[in-house]
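Student: Contents are mmCIF, C-alpha atoms and all ligand atoms; file name data19.cif:
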data_run
#
loop_
_atom_site.label_atom_id
_atom_site.label_comp_id
_atom_site.auth_asym_id
_atom_site.auth_seq_id
_atom_site.Cartn_x
_atom_site.Cartn_y
_atom_site.Cartn_z
CA MET A 24 -32.14 4.65 2.76
CA SER A 25 -30.98 2.10 0.20
CA ALA A 26 -30.21 -1.46 1.30
CA LEU A 27 -26.54 -2.30 1.71
CA PRO A 28 -25.01 -4.45 -1.03
CA VAL A 29 -23.24 -6.53 1.65
CA THR A 30 -24.26 -8.14 4.92
CA VAL A 31 -22.56 -6.35 7.79
CA PRO A 32 -20.88 -8.98 9.99
CA ASP A 33 -20.55 -8.68 13.76
CA LEU A 34 -17.88 -5.99 14.08
CA THR A 35 -17.28 -6.80 17.73
CA ASP A 36 -16.13 -10.33 16.86
CA PRO A 37 -12.33 -10.52 16.36
CA ARG A 38 -12.82 -13.33 13.82
CA THR A 39 -14.41 -10.79 11.46
CA PHE A 40 -10.94 -9.22 11.12
CA LEU A 41 -9.12 -12.41 10.11
CA PRO A 42 -7.32 -13.10 7.91
CA GLU A 43 -7.81 -9.47 6.80
CA PRO A 44 -10.04 -6.63 8.06
CA PRO A 45 -13.45 -6.36 6.30
CA HIS A 46 -12.46 -3.66 3.78
CA GLU A 47 -15.32 -4.46 1.37
CA VAL A 48 -17.89 -4.04 4.18
CA TRP A 49 -16.42 -0.67 5.18
CA ALA A 50 -16.37 0.40 1.50
CA ALA A 51 -20.11 -0.34 1.28
CA LEU A 52 -20.77 1.51 4.57
CA ARG A 53 -18.81 4.54 3.31
CA ARG A 54 -21.17 4.87 0.37
CA ARG A 55 -23.97 5.81 2.78
CA ASP A 56 -23.81 9.06 4.68
CA ALA A 57 -25.22 7.87 8.00
CA PRO A 58 -23.17 5.86 10.47
CA HIS A 59 -24.31 2.22 10.64
CA PHE A 60 -25.93 1.03 13.87
CA GLN A 61 -25.11 -2.44 15.21
CA ASP A 62 -27.46 -3.68 17.89
CA ARG A 63 -26.21 -6.14 20.51
CA PRO A 64 -28.27 -8.67 22.42
CA ASP A 65 -26.06 -8.59 25.54
CA ALA A 66 -24.75 -5.01 25.54
CA PRO A 67 -25.57 -1.54 24.21
CA GLY A 68 -25.36 -1.06 20.46
CA PHE A 69 -22.92 1.27 18.70
CA HIS A 70 -22.65 3.36 15.56
CA SER A 71 -19.89 2.54 13.05
CA VAL A 72 -18.35 5.65 11.49
CA THR A 73 -16.48 4.82 8.29
CA ARG A 74 -16.02 8.03 6.28
CA TYR A 75 -12.77 9.98 6.56
CA ALA A 76 -14.43 13.39 6.93
CA GLN A 77 -16.77 12.20 9.69
CA ILE A 78 -14.04 10.36 11.60
CA ASP A 79 -11.75 13.38 11.37
CA ALA A 80 -14.55 15.69 12.57
CA VAL A 81 -15.32 13.44 15.56
CA LEU A 82 -11.63 13.20 16.52
CA ARG A 83 -11.28 16.98 16.45
CA ASP A 84 -14.30 17.69 18.67
CA SER A 85 -13.64 16.24 22.10
CA ALA A 86 -16.33 18.42 23.69
CA THR A 87 -19.03 16.56 21.74
CA TYR A 88 -17.28 13.20 21.50
CA SER A 89 -15.64 12.10 24.74
CA SER A 90 -12.75 9.66 25.28
CA GLU A 91 -13.54 9.11 28.95
CA TRP A 92 -15.97 6.19 28.86
CA GLY A 93 -13.55 3.88 27.05
CA MET A 94 -11.63 3.78 23.78
CA THR A 95 -12.11 0.15 22.72
CA LEU A 96 -15.39 -1.53 21.84
CA ASP A 97 -14.78 -4.32 24.35
CA THR A 98 -14.41 -1.86 27.22
CA ALA A 99 -16.96 0.74 26.10
CA LEU A 100 -19.71 -1.87 25.63
CA GLY A 101 -19.42 -2.67 29.34
CA GLU A 102 -18.78 -0.46 32.32
CA ARG A 103 -16.84 2.80 32.29
CA ASP A 104 -13.12 2.08 31.90
CA ALA A 105 -11.47 1.87 35.34
CA ALA A 106 -8.61 4.18 34.21
CA ALA A 107 -11.01 6.87 32.91
CA GLY A 108 -9.89 10.40 33.68
CA ARG A 109 -6.44 9.28 34.85
CA MET A 110 -4.79 7.75 31.77
CA ILE A 111 -4.01 10.22 28.99
CA GLU A 112 -5.95 8.44 26.23
CA LEU A 113 -9.01 8.21 28.49
CA THR A 114 -9.30 11.87 29.37
CA ASP A 115 -10.99 14.95 27.96
CA PRO A 116 -9.95 18.57 28.49
CA PRO A 117 -9.05 20.00 30.96
CA HIS A 118 -7.62 16.75 32.49
CA HIS A 119 -6.19 15.79 29.13
CA ARG A 120 -4.34 19.09 28.71
CA ARG A 121 -2.70 18.62 32.08
CA LEU A 122 -1.58 15.02 31.44
CA ARG A 123 -0.38 15.82 27.92
CA ARG A 124 1.77 18.67 29.22
CA LEU A 125 3.40 16.36 31.74
CA VAL A 126 3.80 13.26 29.52
CA SER A 127 4.86 14.93 26.28
CA GLY A 128 8.26 16.15 27.56
CA GLY A 129 10.06 12.86 26.78
CA LEU A 130 8.36 12.35 23.43
CA THR A 131 9.34 15.34 21.34
CA ARG A 132 10.84 15.05 17.88
CA SER A 133 14.25 15.91 19.30
CA ALA A 134 13.91 13.15 21.94
CA ALA A 135 13.12 10.66 19.13
CA HIS A 136 16.13 11.95 17.23
CA ALA A 137 18.33 11.56 20.30
CA MET A 138 17.26 7.93 20.67
CA GLU A 139 18.04 7.15 17.03
CA GLY A 140 21.72 6.44 17.69
CA ALA A 141 21.04 3.92 20.45
CA LEU A 142 18.44 2.16 18.31
CA ARG A 143 20.31 2.18 14.99
CA GLU A 144 23.13 -0.12 16.06
CA ARG A 145 20.63 -2.65 17.46
CA VAL A 146 18.28 -2.53 14.46
CA GLU A 147 21.15 -3.04 12.01
CA ARG A 148 22.42 -6.01 14.00
CA TRP A 149 18.99 -7.67 14.14
CA VAL A 150 18.22 -7.05 10.46
CA GLU A 151 21.68 -8.28 9.43
CA ARG A 152 21.21 -11.49 11.40
CA ALA A 153 17.74 -12.05 9.86
CA VAL A 154 19.16 -11.58 6.35
CA ARG A 155 22.00 -14.01 7.11
CA GLN A 156 19.48 -16.61 8.26
CA GLY A 157 17.52 -16.12 5.03
CA GLU A 158 14.33 -17.64 6.38
CA THR A 159 13.04 -16.11 9.58
CA ASP A 160 10.03 -15.10 11.63
CA PHE A 161 10.27 -11.34 11.12
CA VAL A 162 8.14 -10.51 14.19
CA GLY A 163 10.42 -12.40 16.60
CA ALA A 164 13.67 -11.51 14.81
CA VAL A 165 13.10 -7.76 14.35
CA GLY A 166 9.50 -6.50 14.52
CA ALA A 167 8.89 -7.00 18.24
CA ARG A 168 12.46 -6.22 19.32
CA VAL A 169 12.63 -2.69 17.96
CA PRO A 170 9.66 -1.17 19.83
CA ALA A 171 10.57 -3.20 22.92
CA ALA A 172 13.99 -1.50 22.88
CA ALA A 173 12.55 1.92 22.01
CA THR A 174 9.98 1.77 24.81
CA GLY A 175 12.55 0.43 27.28
CA LEU A 176 14.99 3.22 26.41
CA LEU A 177 12.22 5.82 26.52
CA LEU A 178 10.97 4.75 29.93
CA GLY A 179 14.53 4.21 31.21
CA LEU A 180 14.04 0.54 32.18
CA PRO A 181 16.85 -2.03 32.63
CA GLU A 182 17.48 -3.95 29.37
CA PRO A 183 16.41 -7.42 30.64
CA GLU A 184 12.95 -5.92 31.25
CA TRP A 185 12.33 -4.74 27.68
CA ARG A 186 11.09 -7.98 26.09
CA PRO A 187 8.95 -9.17 29.05
CA LEU A 188 7.27 -5.76 29.15
CA SER A 189 6.54 -5.82 25.42
CA GLU A 190 5.04 -9.33 25.66
CA LEU A 191 2.82 -8.33 28.58
CA ALA A 192 1.75 -5.20 26.69
CA GLY A 193 0.77 -7.29 23.64
CA ARG A 194 -1.41 -9.54 25.79
CA ALA A 195 -2.97 -6.53 27.52
CA VAL A 196 -4.21 -5.35 24.12
CA CYS A 197 -5.24 -8.64 22.53
CA GLY A 198 -5.85 -10.98 25.49
CA SER A 199 -4.87 -14.62 25.15
CA LEU A 200 -7.86 -16.08 23.29
CA THR A 201 -7.12 -17.30 19.77
CA GLU A 202 -9.43 -17.42 16.78
CA HIS A 203 -9.85 -21.16 17.47
CA ASP A 204 -11.23 -20.63 20.99
CA GLU A 205 -15.02 -20.78 20.81
CA GLU A 206 -15.11 -18.15 23.60
CA VAL A 207 -13.42 -15.50 21.44
CA GLY A 208 -16.82 -14.45 20.06
CA ASP A 209 -18.09 -13.80 23.60
CA LEU A 210 -17.68 -10.24 24.86
CA ALA A 211 -17.56 -11.21 28.54
CA ALA A 212 -14.87 -13.85 27.93
CA ARG A 213 -12.74 -11.39 25.96
CA ARG A 214 -13.09 -8.80 28.68
CA ARG A 215 -12.00 -11.35 31.31
CA SER A 216 -8.95 -12.21 29.22
CA THR A 217 -7.80 -8.62 28.56
CA THR A 218 -8.62 -7.48 32.12
CA ALA A 219 -6.45 -10.28 33.54
CA ALA A 220 -3.62 -9.40 31.12
CA ASN A 221 -3.90 -5.69 32.01
CA GLY A 222 -3.71 -6.62 35.68
CA ARG A 223 -0.50 -8.60 35.06
CA LEU A 224 1.03 -5.67 33.13
CA LEU A 225 0.05 -3.19 35.83
CA THR A 226 1.50 -5.34 38.64
CA HIS A 227 4.71 -5.85 36.66
CA LEU A 228 5.06 -2.13 36.00
CA ALA A 229 4.32 -1.27 39.62
CA LEU A 230 7.23 -3.51 40.71
CA LEU A 231 9.55 -1.90 38.15
CA LEU A 232 8.59 1.58 39.31
CA GLU A 233 9.04 0.64 42.94
CA ASP A 234 12.66 -0.39 42.40
CA GLU A 235 13.88 3.11 41.59
CA THR A 236 17.54 2.04 41.54
CA GLY A 237 16.97 0.28 38.18
CA LEU A 238 15.47 3.35 36.51
CA ALA A 239 17.69 5.50 34.27
CA GLY A 240 18.01 9.08 35.48
CA ASP A 241 17.05 10.52 32.08
CA GLY A 242 14.21 8.01 31.45
CA LEU A 243 10.57 9.05 31.21
CA VAL A 244 9.49 7.14 34.32
CA ARG A 245 11.83 9.14 36.51
CA ARG A 246 10.85 12.35 34.74
CA LEU A 247 7.18 11.60 35.35
CA LEU A 248 7.82 10.80 39.00
CA GLU A 249 9.71 14.07 39.39
CA ALA A 250 7.74 16.25 36.93
CA ASP A 251 6.72 19.53 38.50
CA LEU A 252 5.05 22.11 36.29
CA ASP A 253 4.38 25.13 38.44
CA GLY A 254 3.59 22.94 41.42
CA ASP A 255 1.49 20.48 39.40
CA ARG A 256 2.65 16.89 39.94
CA LEU A 257 1.36 13.49 38.87
CA THR A 258 0.19 11.13 41.60
CA GLY A 259 1.91 7.72 41.84
CA GLU A 260 -1.21 6.13 40.35
CA GLU A 261 -1.22 8.56 37.41
CA VAL A 262 2.45 7.79 36.71
CA LEU A 263 1.68 4.06 36.74
CA LEU A 264 -1.36 4.30 34.46
CA ASN A 265 0.42 6.56 31.99
CA CYS A 266 3.44 4.24 31.89
CA LEU A 267 0.96 1.47 31.10
CA ASN A 268 -0.40 3.65 28.29
CA LEU A 269 3.14 4.19 26.96
CA ALA A 270 4.05 0.50 27.24
CA ILE A 271 0.97 -0.49 25.26
CA GLY A 272 1.01 2.43 22.79
CA GLY A 273 4.75 2.11 22.23
CA ASN A 274 4.95 -1.62 21.64
CA GLU A 275 1.99 -3.15 19.96
CA THR A 276 1.28 -0.57 17.26
CA THR A 277 4.87 -0.18 16.04
CA LYS A 278 5.49 -3.94 16.07
CA ASN A 279 2.44 -4.48 13.89
CA ALA A 280 3.24 -1.59 11.55
CA THR A 281 6.65 -3.16 10.87
CA ALA A 282 5.24 -6.65 10.35
CA ALA A 283 2.37 -5.43 8.17
CA GLY A 284 4.79 -3.32 6.12
CA VAL A 285 7.07 -6.28 5.44
CA ALA A 286 4.02 -8.39 4.50
CA ALA A 287 2.81 -5.62 2.15
CA PHE A 288 6.17 -5.44 0.38
CA ALA A 289 6.21 -9.26 0.06
CA ARG A 290 2.77 -9.11 -1.59
CA HIS A 291 3.77 -6.20 -3.85
CA PRO A 292 7.35 -6.94 -4.93
CA GLU A 293 7.24 -4.23 -7.61
CA GLN A 294 6.83 -1.66 -4.79
CA TRP A 295 9.93 -2.99 -3.05
CA GLN A 296 11.90 -2.78 -6.29
CA TRP A 297 10.67 0.77 -6.88
CA LEU A 298 11.74 1.79 -3.39
CA ARG A 299 15.13 0.13 -3.83
CA ALA A 300 15.58 2.27 -6.93
CA HIS A 301 14.32 5.40 -5.10
CA PRO A 302 15.56 5.12 -1.47
CA GLU A 303 15.22 8.91 -1.15
CA HIS A 304 11.45 8.27 -0.93
CA LEU A 305 11.69 6.09 2.19
CA ASP A 306 9.62 8.58 4.22
CA ARG A 307 6.80 8.46 1.68
CA ALA A 308 6.90 4.68 1.73
CA ILE A 309 6.60 4.65 5.51
CA GLU A 310 3.52 6.90 5.39
CA GLU A 311 2.01 4.50 2.83
CA VAL A 312 2.76 1.51 5.08
CA LEU A 313 1.00 3.35 7.91
CA ARG A 314 -2.00 4.22 5.70
CA HIS A 315 -2.44 0.96 3.86
CA THR A 316 -1.93 -1.36 6.84
CA THR A 317 -3.43 0.92 9.57
CA PRO A 318 -2.28 -0.90 12.75
CA PRO A 319 -5.05 0.52 15.03
CA LEU A 320 -8.40 -0.79 13.79
CA HIS A 321 -10.78 1.33 15.81
CA LEU A 322 -11.28 3.94 18.52
CA VAL A 323 -14.45 4.62 20.47
CA ARG A 324 -15.91 7.99 21.41
CA THR A 325 -19.03 8.69 23.49
CA VAL A 326 -21.52 11.39 22.50
CA THR A 327 -21.92 14.08 25.18
CA ARG A 328 -24.75 16.24 23.74
CA PRO A 329 -27.47 15.92 21.07
CA VAL A 330 -25.78 16.17 17.67
CA VAL A 331 -26.35 15.10 14.06
CA LEU A 332 -23.66 13.10 12.24
CA GLY A 333 -24.08 12.14 8.60
CA GLY A 334 -27.77 13.07 8.85
CA LYS A 335 -28.30 10.77 11.84
CA PRO A 336 -29.41 12.27 15.17
CA LEU A 337 -27.28 11.05 18.07
CA ALA A 338 -28.04 11.26 21.78
CA PRO A 339 -25.77 11.69 24.82
CA GLY A 340 -24.32 8.29 25.79
CA ASP A 341 -24.38 6.92 22.22
CA LEU A 342 -21.18 5.05 21.34
CA LEU A 343 -19.35 5.79 18.10
CA CYS A 344 -16.82 3.32 16.74
CA LEU A 345 -14.36 5.04 14.39
CA TRP A 346 -12.90 2.51 11.94
CA LEU A 347 -9.48 3.98 11.07
CA PRO A 348 -8.59 1.58 8.20
CA SER A 349 -11.83 2.66 6.55
CA ALA A 350 -10.90 6.37 6.81
CA ASN A 351 -7.52 5.50 5.33
CA ARG A 352 -9.13 3.88 2.29
CA ASP A 353 -11.73 6.58 1.66
CA GLU A 354 -11.79 7.24 -2.08
CA ASP A 355 -12.82 10.87 -1.47
CA VAL A 356 -9.36 11.50 0.02
CA PHE A 357 -7.03 8.85 -1.43
CA PRO A 358 -7.11 8.16 -5.18
CA ASP A 359 -6.78 4.43 -5.93
CA ALA A 360 -7.26 3.95 -2.19
CA ASP A 361 -7.02 0.14 -2.05
CA ALA A 362 -3.67 0.10 -3.84
CA PHE A 363 -0.37 -0.04 -1.93
CA ARG A 364 1.61 2.67 -3.73
CA VAL A 365 4.76 3.79 -1.99
CA ASP A 366 5.21 6.78 -4.32
CA ARG A 367 1.97 8.34 -2.98
CA ALA A 368 2.82 12.00 -2.39
CA ALA A 369 -0.16 13.42 -0.45
CA ASN A 370 -0.97 11.04 2.39
CA PRO A 371 -3.00 12.60 5.22
CA HIS A 372 -3.75 9.21 6.81
CA LEU A 373 -5.37 8.94 10.24
CA SER A 374 -3.24 6.09 11.62
CA PHE A 375 -1.99 8.45 14.36
CA THR A 376 -5.48 10.06 14.43
CA SER A 377 -6.04 13.81 14.51
CA GLY A 378 -7.10 16.34 17.10
CA ARG A 379 -6.09 16.53 20.74
CA HIS A 380 -5.16 12.87 21.16
CA PHE A 381 -2.87 12.83 18.10
CA CYS A 382 -0.30 10.12 18.86
CA LEU A 383 2.40 11.43 21.18
CA GLY A 384 4.78 8.73 19.94
CA ALA A 385 4.40 9.47 16.21
CA ALA A 386 7.95 10.85 15.82
CA LEU A 387 9.42 7.88 17.69
CA ALA A 388 7.33 5.41 15.68
CA ARG A 389 8.44 7.01 12.40
CA THR A 390 12.08 6.87 13.54
CA GLN A 391 11.78 3.15 14.24
CA LEU A 392 10.10 2.41 10.91
CA ARG A 393 12.74 4.44 9.07
CA LEU A 394 15.50 2.47 10.79
CA VAL A 395 13.95 -0.95 10.06
CA PHE A 396 13.01 -0.32 6.42
CA GLY A 397 16.24 1.61 5.82
CA ALA A 398 18.27 -1.37 7.10
CA LEU A 399 16.23 -3.76 4.93
CA LEU A 400 16.60 -1.54 1.85
CA ALA A 401 20.38 -1.58 2.18
CA ARG A 402 20.56 -5.38 2.45
CA VAL A 403 17.54 -7.09 0.92
CA ASP A 404 16.68 -7.59 -2.73
CA GLY A 405 13.53 -9.64 -2.30
CA ILE A 406 10.99 -10.47 0.44
CA ARG A 407 8.82 -13.59 0.12
CA LEU A 408 6.12 -14.84 2.48
CA LEU A 409 6.60 -18.40 3.69
CA GLY A 410 3.01 -19.46 4.31
CA SER A 411 0.42 -17.35 6.07
CA PRO A 412 1.30 -14.96 8.88
CA ALA A 413 -0.19 -15.91 12.27
CA ARG A 414 -2.52 -13.13 13.38
CA ARG A 415 -3.88 -12.39 16.85
CA ALA A 416 -7.63 -12.35 17.35
CA SER A 417 -8.44 -8.66 17.90
CA ASN A 418 -10.82 -6.06 16.52
CA PHE A 419 -8.72 -3.29 18.10
CA VAL A 420 -5.28 -3.75 16.51
CA ALA A 421 -4.24 -5.59 13.35
CA ALA A 422 -1.81 -7.77 15.31
CA TYR A 423 0.78 -10.27 14.12
CA ASP A 424 2.07 -13.19 16.19
CA THR A 425 4.52 -14.42 13.57
CA LEU A 426 5.48 -13.48 10.02
CA PRO A 427 7.55 -16.20 8.33
CA VAL A 428 9.50 -14.69 5.42
CA ALA A 429 12.44 -15.45 3.16
CA LEU A 430 14.81 -12.50 2.73
CA THR A 431 17.10 -12.56 -0.31
CA ALA A 432 20.34 -10.69 0.28
CA ALA A 433 21.09 -7.88 -2.16
C1 LIG B 1 3.00 2.91 14.33
C2 LIG B 1 2.98 3.21 15.60
C3 LIG B 1 1.85 3.89 16.33
C4 LIG B 1 0.55 4.07 15.97
C5 LIG B 1 -0.13 3.64 14.69
C6 LIG B 1 -0.10 4.80 17.05
C7 LIG B 1 -1.43 5.18 17.07
C8 LIG B 1 -2.01 5.97 18.04
C9 LIG B 1 -3.36 6.43 18.01
C10 LIG B 1 -4.38 6.02 16.96
C11 LIG B 1 -3.56 7.24 19.09
C12 LIG B 1 -4.77 8.09 19.40
C13 LIG B 1 -5.75 7.52 20.38
C14 LIG B 1 -6.98 8.38 20.44
O1 LIG B 1 -7.20 9.29 19.62
O2 LIG B 1 -7.79 8.09 21.30
C15 LIG B 1 -2.33 7.28 19.82
C16 LIG B 1 -2.13 7.97 20.99
C17 LIG B 1 -1.00 7.84 21.75
N1 LIG B 1 0.15 7.17 21.41
FE1 LIG B 1 0.51 6.21 19.68
N2 LIG B 1 0.81 5.03 18.04
C18 LIG B 1 2.02 4.50 17.64
C19 LIG B 1 3.21 4.54 18.34
C20 LIG B 1 3.37 5.10 19.58
C21 LIG B 1 4.61 5.12 20.32
C22 LIG B 1 5.95 4.58 19.81
C23 LIG B 1 4.34 5.71 21.52
C24 LIG B 1 5.25 6.01 22.66
C25 LIG B 1 6.19 5.27 23.11
C26 LIG B 1 2.94 6.09 21.51
C27 LIG B 1 2.29 6.75 22.54
C28 LIG B 1 1.03 7.28 22.46
C29 LIG B 1 0.41 8.07 23.52
C30 LIG B 1 1.05 8.42 24.85
C31 LIG B 1 -0.85 8.41 23.08
C32 LIG B 1 -1.91 9.22 23.84
C33 LIG B 1 -1.98 10.64 23.34
C34 LIG B 1 -3.15 11.39 23.95
O3 LIG B 1 -4.13 10.76 24.36
O4 LIG B 1 -3.05 12.62 23.99
N3 LIG B 1 2.39 5.70 20.33
N4 LIG B 1 -1.39 6.51 19.15
#
Produce structure tokens that represent the structure in this file.

Tutor:
Amino acid sequence: MSALPVTVPDLTDPRTFLPEPPHEVWAALRRRDAPHFQDRPDAPGFHSVTRYAQIDAVLRDSATYSSEWGMTLDTALGERDAAAGRMIELTDPPHHRRLRRLVSGGLTRSAAHAMEGALRERVERWVERAVRQGETDFVGAVGARVPAAATGLLLGLPEPEWRPLSELAGRAVCGSLTEHDEEVGDLAARRRSTTAANGRLLTHLALLLEDETGLAGDGLVRRLLEADLDGDRLTGEEVLLNCLNLAIGGNETTKNATAAGVAAFARHPEQWQWLRAHPEHLDRAIEEVLRHTTPPLHLVRTVTRPVVLGGKPLAPGDLLCLWLPSANRDEDVFPDADAFRVDRAANPHLSFTSGRHFCLGAALARTQLRLVFGALLARVDGIRLLGSPARRASNFVAAYDTLPVALTAA
């Protein structure tokens, strides 16, 4: 095997992903067929999968590649995830089929469509205020508010609870260590930080679920508590863990897709001008934002039986880390893959993955992005970055803390 033209940095260290993910490293890894093995002194090693075709094949074969051990590197490199087998993302068939049947009811395309009206008025108000201010932190002003409202409405929570829940969910994903904390490079310290934040989110959710009077009758929490499919019901613990999954999945990814999209348009003003001239292509532009910025950085799968991937023999228990931004920039699938081109017609990106765990919130996420970028298109002529965005230290999501921008009114 030929030597790599780049040194592969520690892909477990969140600092490797700042200020931008290591696209040039993944590009070099994609040129080899075999997944790249990273050994770890204090934990098991893992194989990095970087090619689109291999990542797609792994995602579509949950019998060979299990989700149950853990889906993030930080959890999978330690003990089995405590929510394994009970939270939808951490299950394999047949458990997964059962949970998906019960959870998916509130997340259909028509449910997303029904929520559009309630969200539209809020999104327009927030965007309008940001444009009036001219200079603003887009994450605080709009980016975090929209998914907080969408998730709150979806779950049927009282409005004062929306923002606190979204902040707790963000910490549960990224922990509270910053890139300046020496400890951030230490796996055990990161695990302590995210475990504590997950505990706080779980306790908070448990209290919300307990006070049933505050829960909307048509919200997903109530539907999950009452769901009965031919006598099959979720236990209280399953409802709690799957609400945690929804709070995290609903908030952090969409917030970061919005922020990263605004940052991409600020860096490529000609793309914003093109879209302003062709607003009928808003949906294409949103798919390109999702592809080019890829909010989820990785997912982990565990090998269940001897198998060969990219010519490399793998054994049961081996950990595979699927780098989604790398799949989304694979030149075999996307011509001119590094370019942000909002007129891209074919765009089979893997930001929502593929296979059985395909994102249940994809329709709702697309609705939110359409509302935000539609409101901006109608009001904003130019977007300019004011200094560098503040990013969270994470190798799991490309997360923004703040995004200072100047918005010029149209
Ligand atoms: C831009 C926004 C979003 C992105 C990029 C995204 C990405 C993802 C990805 C990558 C997965 C697959 C995990 C896996 O294969 O292991 C997933 C699953 C999931 N997402 Fe999303 N998501 C987004 C928004 C949402 C929203 C708004 C919700 C709901 C409120 C949501 C709920 C879920 C759920 C419940 C699953 C688990 C599905 C399953 O395991 O069968 N997501 N999402």

Student: Which one of A:His70, A:Arg314, A:Arg54, A:Arg194 sits closest to Arg415 of chain A if you count only C-alpha atoms?

Tutor: A:Arg194

Student: Find the spatial neighbours of segment 220-237 of chain A, counting all atoms listed in the file, within a cut-off of 10 Å - ignore same-chain residues fewer than 5 positions away - and output them as a PyMOL selection string.

Tutor: chain A and resi 179-182+184+187-199+214-215+244-245+248+259-260+262-264+266-267+270-271

Student: Given the selection you just returned, output its residues as a file containing C-alpha atoms, formatted as a PDB file, keeping the file's coordinate frame.

Tutor:
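Final output, again-v8.pdb:
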ATOM      1  CA  GLY A 179      14.530   4.210  31.210  1.00  0.00           C
ATOM      2  CA  LEU A 180      14.040   0.540  32.180  1.00  0.00           C
ATOM      3  CA  PRO A 181      16.850  -2.030  32.630  1.00  0.00           C
ATOM      4  CA  GLU A 182      17.480  -3.950  29.370  1.00  0.00           C
ATOM      5  CA  GLU A 184      12.950  -5.920  31.250  1.00  0.00           C
ATOM      6  CA  PRO A 187       8.950  -9.170  29.050  1.00  0.00           C
ATOM      7  CA  LEU A 188       7.270  -5.760  29.150  1.00  0.00           C
ATOM      8  CA  SER A 189       6.540  -5.820  25.420  1.00  0.00           C
ATOM      9  CA  GLU A 190       5.040  -9.330  25.660  1.00  0.00           C
ATOM     10  CA  LEU A 191       2.820  -8.330  28.580  1.00  0.00           C
ATOM     11  CA  ALA A 192       1.750  -5.200  26.690  1.00  0.00           C
ATOM     12  CA  GLY A 193       0.770  -7.290  23.640  1.00  0.00           C
ATOM     13  CA  ARG A 194      -1.410  -9.540  25.790  1.00  0.00           C
ATOM     14  CA  ALA A 195      -2.970  -6.530  27.520  1.00  0.00           C
ATOM     15  CA  VAL A 196      -4.210  -5.350  24.120  1.00  0.00           C
ATOM     16  CA  CYS A 197      -5.240  -8.640  22.530  1.00  0.00           C
ATOM     17  CA  GLY A 198      -5.850 -10.980  25.490  1.00  0.00           C
ATOM     18  CA  SER A 199      -4.870 -14.620  25.150  1.00  0.00           C
ATOM     19  CA  ARG A 214     -13.090  -8.800  28.680  1.00  0.00           C
ATOM     20  CA  ARG A 215     -12.000 -11.350  31.310  1.00  0.00           C
ATOM     21  CA  VAL A 244       9.490   7.140  34.320  1.00  0.00           C
ATOM     22  CA  ARG A 245      11.830   9.140  36.510  1.00  0.00           C
ATOM     23  CA  LEU A 248       7.820  10.800  39.000  1.00  0.00           C
ATOM     24  CA  GLY A 259       1.910   7.720  41.840  1.00  0.00           C
ATOM     25  CA  GLU A 260      -1.210   6.130  40.350  1.00  0.00           C
ATOM     26  CA  VAL A 262       2.450   7.790  36.710  1.00  0.00           C
ATOM     27  CA  LEU A 263       1.680   4.060  36.740  1.00  0.00           C
ATOM     28  CA  LEU A 264      -1.360   4.300  34.460  1.00  0.00           C
ATOM     29  CA  CYS A 266       3.440   4.240  31.890  1.00  0.00           C
ATOM     30  CA  LEU A 267       0.960   1.470  31.100  1.00  0.00           C
ATOM     31  CA  ALA A 270       4.050   0.500  27.240  1.00  0.00           C
ATOM     32  CA  ILE A 271       0.970  -0.490  25.260  1.00  0.00           C
TER      33      ILE A 271
END

Student: I want to know what sits within 12 Å of Gly273 of chain A, based on only C-alpha atoms, with residues of the same chain fewer than 3 positions away left out; could you give that as a ChimeraX atom specification?

Tutor: /A:130,167-178,185,188-190,192-193,196,265-270,276-280,382-389,391

Student: Work out how far apart atom CA of Leu337 of chain A and atom CA of Asp355 of chain A are and give it in Å to one decimal.

Tutor: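 Rounded to one decimal, the two atoms are 24.3 Å apart.
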
Student: Measuring atom to atom with only C-alpha atoms, identify which of A:Leu210, A:Val146, A:Leu113, A:Val285 is nearest to Thr325 of chain A.

Tutor: A:Leu113

Student: For a quick check of understanding, using all atoms listed in the file, which of A:Ala51, A:Ala212, A:Ala398, A:Leu27 has the smallest distance to Pro302 of chain A?

Tutor: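 Of A:Ala51, A:Ala212, A:Ala398, A:Leu27, the one nearest Pro302 of chain A is A:Ala398, counting all atoms listed in the file.
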
Student: So which one's closest to ligand LIG 1 (chain B), A:His46, A:Arg123, A:Arg152, A:Arg143? Using all atoms listed in the file, please.

Tutor: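 With all atoms listed in the file as the atom set, the closest residue is A:Arg123.
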
Student: Skip Thr316 of chain A itself and residues of its chain fewer than 3 positions away, then list as an mmCIF file with C-alpha atoms, in the coordinates of the input all residues within 8 Å of it, counting all atoms listed in the file.

Tutor:
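Result saved to out25.cif:
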data_model
loop_
_atom_site.group_PDB
_atom_site.id
_atom_site.type_symbol
_atom_site.label_atom_id
_atom_site.label_comp_id
_atom_site.auth_asym_id
_atom_site.auth_seq_id
_atom_site.Cartn_x
_atom_site.Cartn_y
_atom_site.Cartn_z
ATOM 1 C CA ALA A 280 3.240 -1.590 11.550
ATOM 2 C CA ALA A 283 2.370 -5.430 8.170
ATOM 3 C CA GLY A 284 4.790 -3.320 6.120
ATOM 4 C CA ALA A 287 2.810 -5.620 2.150
ATOM 5 C CA VAL A 312 2.760 1.510 5.080
ATOM 6 C CA LEU A 313 1.000 3.350 7.910
ATOM 7 C CA PRO A 348 -8.590 1.580 8.200
#

Student: Report, in Å with one decimal, the straight-line distance from atom CA of Glu139 of chain A to atom CA of Leu257 of chain A.

Tutor: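 Here the two named atoms are 28.2 Å from each other.
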
Student: Env of Leu305 of chain A: 12 Å cut, atoms = all atoms listed in the file, seq-sep filter 2 positions within chain, self excluded. Answer as a PyMOL selection string.

Tutor: chain A and resi 294-295+297-303+307-312+365-368+389-390+392-401
